[in-house]
Amino acid sequence: MTKLPPGRFARLALKVNAFLLIAFLLAAAFIGLVAYKQGWFLRQSPIHFITPNALGLNKGMPVKLHGFTVGSVSDMRLTDGGVDVTLLVIGDYMKRIPQGSHARHAREAGVIGASVIDIIPGKGSLPLAEGALINFEPSRGISEIVDDFRRQAVPAFNEIKAAMGNLSQAGQDITQILTGLRREVDQLPATHRAVRKLVEDAATATADLSFQTTATLDAVERVASTLDRTVPPLSEKLVASMESIDAAAGQLRKTGEEAQITLKNARPLLDQSESAAREANDVLSAAKRVWPLSDSFKDAGDGMLPIDSFEANGKGYAR
């Protein structure tokens, strides 16, 4: 056996071991990165749904909420009602999935995009519990989409067909329509002349109206100038008259108040005069009843001559 030169492969084993260590570290880092991307180091909560048909569903399919990846499909198994599909959702996102939410099979870019499980949030106030059963809405296949399009397109095609049939039946009246259109075209020059005359008349009327408007505006401006010169002196006179009237009214009010005060002051004097007169009358009545003066205040009777006094005297003289 030939021996290798001692200096050529002296540190070959060390280099191999270093290479293997670096490769192992790179492999471990790659596995750790994949595990982190798959959420192996995150707490995940399971929820599940049951579908009668699992076509298009597979393990590892992403689960999205509002278009954001929150988990993946972890398990699929047959049950009595169809296929039980288990979803693993990152625990931090469970509080964003309220009760009453449901899942549906969708595609990211329409019909030909990647398949995902899209969670539609419900209207509940409490978050969904771990292991809860939610409803599932399967996606429509190409055949279902074509059938739906056909159901919507058939009535439109029938209407188009009916319209084409009506148009073919109305082809007999096209000649009459064209004849009427030709007559109208022949009348266009006369109509054009009439319209031109109408425009000229309108221009003349507009010019007259503009002249009259200018004259009216001038008159209004003169009246406004006259009012500007007349109104200020008149306003001053009215203000002076109003001030004089206010002063006279104030003087009358003051005079009335003074007269009212005078009447209030004179009322006690009148009451005292009335009392004095009443007392004087009582004193005079008492004096009439006193003996020395009673005869002096006797009422003199009215002296009346008898009716036949003249005749009696005459008869006496006759005797």
# chains A, B, ... in the order shown; residues from 1 in each chain; ligands from 1
$ select_by_dssp --residues "range 34-88 of chain A" --states "alpha helix (DSSP H)" --output "VMD selection string"
chain A and resid 34 to 37
$ write_last_selection --atoms "all heavy atoms" --output "PDB file, in the first residue's frame"
ATOM      1  N   VAL A  34     -38.621  26.856   8.050  1.00  0.00           N
ATOM      2  CA  VAL A  34     -39.848  26.234   7.544  1.00  0.00           C
ATOM      3  C   VAL A  34     -40.838  26.020   8.672  1.00  0.00           C
ATOM      4  O   VAL A  34     -42.047  26.258   8.529  1.00  0.00           O
ATOM      5  CB  VAL A  34     -39.506  24.912   6.836  1.00  0.00           C
ATOM      6  CG1 VAL A  34     -40.789  24.156   6.484  1.00  0.00           C
ATOM      7  CG2 VAL A  34     -38.691  25.179   5.574  1.00  0.00           C
ATOM      8  N   ALA A  35     -40.339  25.570   9.828  1.00  0.00           N
ATOM      9  CA  ALA A  35     -41.231  25.345  10.964  1.00  0.00           C
ATOM     10  C   ALA A  35     -41.864  26.655  11.423  1.00  0.00           C
ATOM     11  O   ALA A  35     -43.044  26.706  11.784  1.00  0.00           O
ATOM     12  CB  ALA A  35     -40.454  24.698  12.112  1.00  0.00           C
ATOM     13  N   TYR A  36     -41.068  27.752  11.387  1.00  0.00           N
ATOM     14  CA  TYR A  36     -41.620  29.052  11.773  1.00  0.00           C
ATOM     15  C   TYR A  36     -42.675  29.519  10.775  1.00  0.00           C
ATOM     16  O   TYR A  36     -43.730  30.037  11.162  1.00  0.00           O
ATOM     17  CB  TYR A  36     -40.478  30.065  11.872  1.00  0.00           C
ATOM     18  CG  TYR A  36     -40.955  31.467  12.175  1.00  0.00           C
ATOM     19  CD1 TYR A  36     -41.350  31.818  13.465  1.00  0.00           C
ATOM     20  CD2 TYR A  36     -41.012  32.427  11.166  1.00  0.00           C
ATOM     21  CE1 TYR A  36     -41.800  33.102  13.738  1.00  0.00           C
ATOM     22  CE2 TYR A  36     -41.455  33.703  11.428  1.00  0.00           C
ATOM     23  CZ  TYR A  36     -41.852  34.037  12.720  1.00  0.00           C
ATOM     24  OH  TYR A  36     -42.310  35.297  12.976  1.00  0.00           O
ATOM     25  N   LYS A  37     -42.380  29.303   9.492  1.00  0.00           N
ATOM     26  CA  LYS A  37     -43.361  29.688   8.484  1.00  0.00           C
ATOM     27  C   LYS A  37     -44.637  28.864   8.600  1.00  0.00           C
ATOM     28  O   LYS A  37     -45.739  29.369   8.338  1.00  0.00           O
ATOM     29  CB  LYS A  37     -42.765  29.514   7.082  1.00  0.00           C
ATOM     30  CG  LYS A  37     -41.671  30.519   6.749  1.00  0.00           C
ATOM     31  CD  LYS A  37     -42.227  31.923   6.641  1.00  0.00           C
ATOM     32  CE  LYS A  37     -41.145  32.898   6.193  1.00  0.00           C
ATOM     33  NZ  LYS A  37     -41.693  34.288   6.084  1.00  0.00           N
TER      34      LYS A  37
END
$ closest_atom_pairs --of "range 113-169 of chain A" --to "range 95-105 of chain A" --cutoff "12 Å" --atoms "only C-alpha atoms" --output "CSV"
residue,atom,partner,partner_atom,distance
A:Gly113,CA,A:His105,CA,11.8
A:Ala114,CA,A:His105,CA,10.6
A:Ser115,CA,A:His105,CA,7.1
A:Val116,CA,A:His105,CA,6.2
A:Ile117,CA,A:His105,CA,5.0
A:Asp118,CA,A:Arg104,CA,5.4
A:Ile119,CA,A:Ala103,CA,4.4
A:Ile120,CA,A:His102,CA,5.4
A:Pro121,CA,A:Ser101,CA,4.5
A:Gly122,CA,A:Ser101,CA,4.0
A:Lys123,CA,A:Gly100,CA,6.4
A:Gly124,CA,A:Gln99,CA,4.9
A:Ser125,CA,A:Pro98,CA,6.2
A:Leu126,CA,A:Pro98,CA,5.5
A:Pro127,CA,A:Pro98,CA,4.1
A:Leu128,CA,A:Gln99,CA,4.8
A:Ala129,CA,A:Gln99,CA,8.0
A:Glu130,CA,A:Lys95,CA,10.5
A:Ala132,CA,A:Gln99,CA,9.2
A:Leu133,CA,A:His102,CA,9.1
A:Ile134,CA,A:His102,CA,5.4
A:Asn135,CA,A:His102,CA,4.8
A:Phe136,CA,A:Ala103,CA,4.8
A:Glu137,CA,A:Arg104,CA,4.3
A:Pro138,CA,A:His105,CA,5.1
A:Ser139,CA,A:His105,CA,4.9
A:Arg140,CA,A:His105,CA,8.6
A:Gly141,CA,A:His105,CA,10.7
$ atom_distance --atom1 "CA of Ser210 in chain A" --atom2 "CA of Thr226 in chain A"
24.3 Å
$ atom_distance --atom1 "CA of Thr79 in chain A" --atom2 "CA of Gln44 in chain A"
23.5 Å
$ closest_residue --among "A:Gly256, A:Gly131, A:Gly180, A:Pro155" --to "His48 in chain A" --atoms "only C-alpha atoms"
A:Gly131
$ atom_distance --atom1 "CA of Ser74 in chain A" --atom2 "CA of Met61 in chain A"
8.3 Å
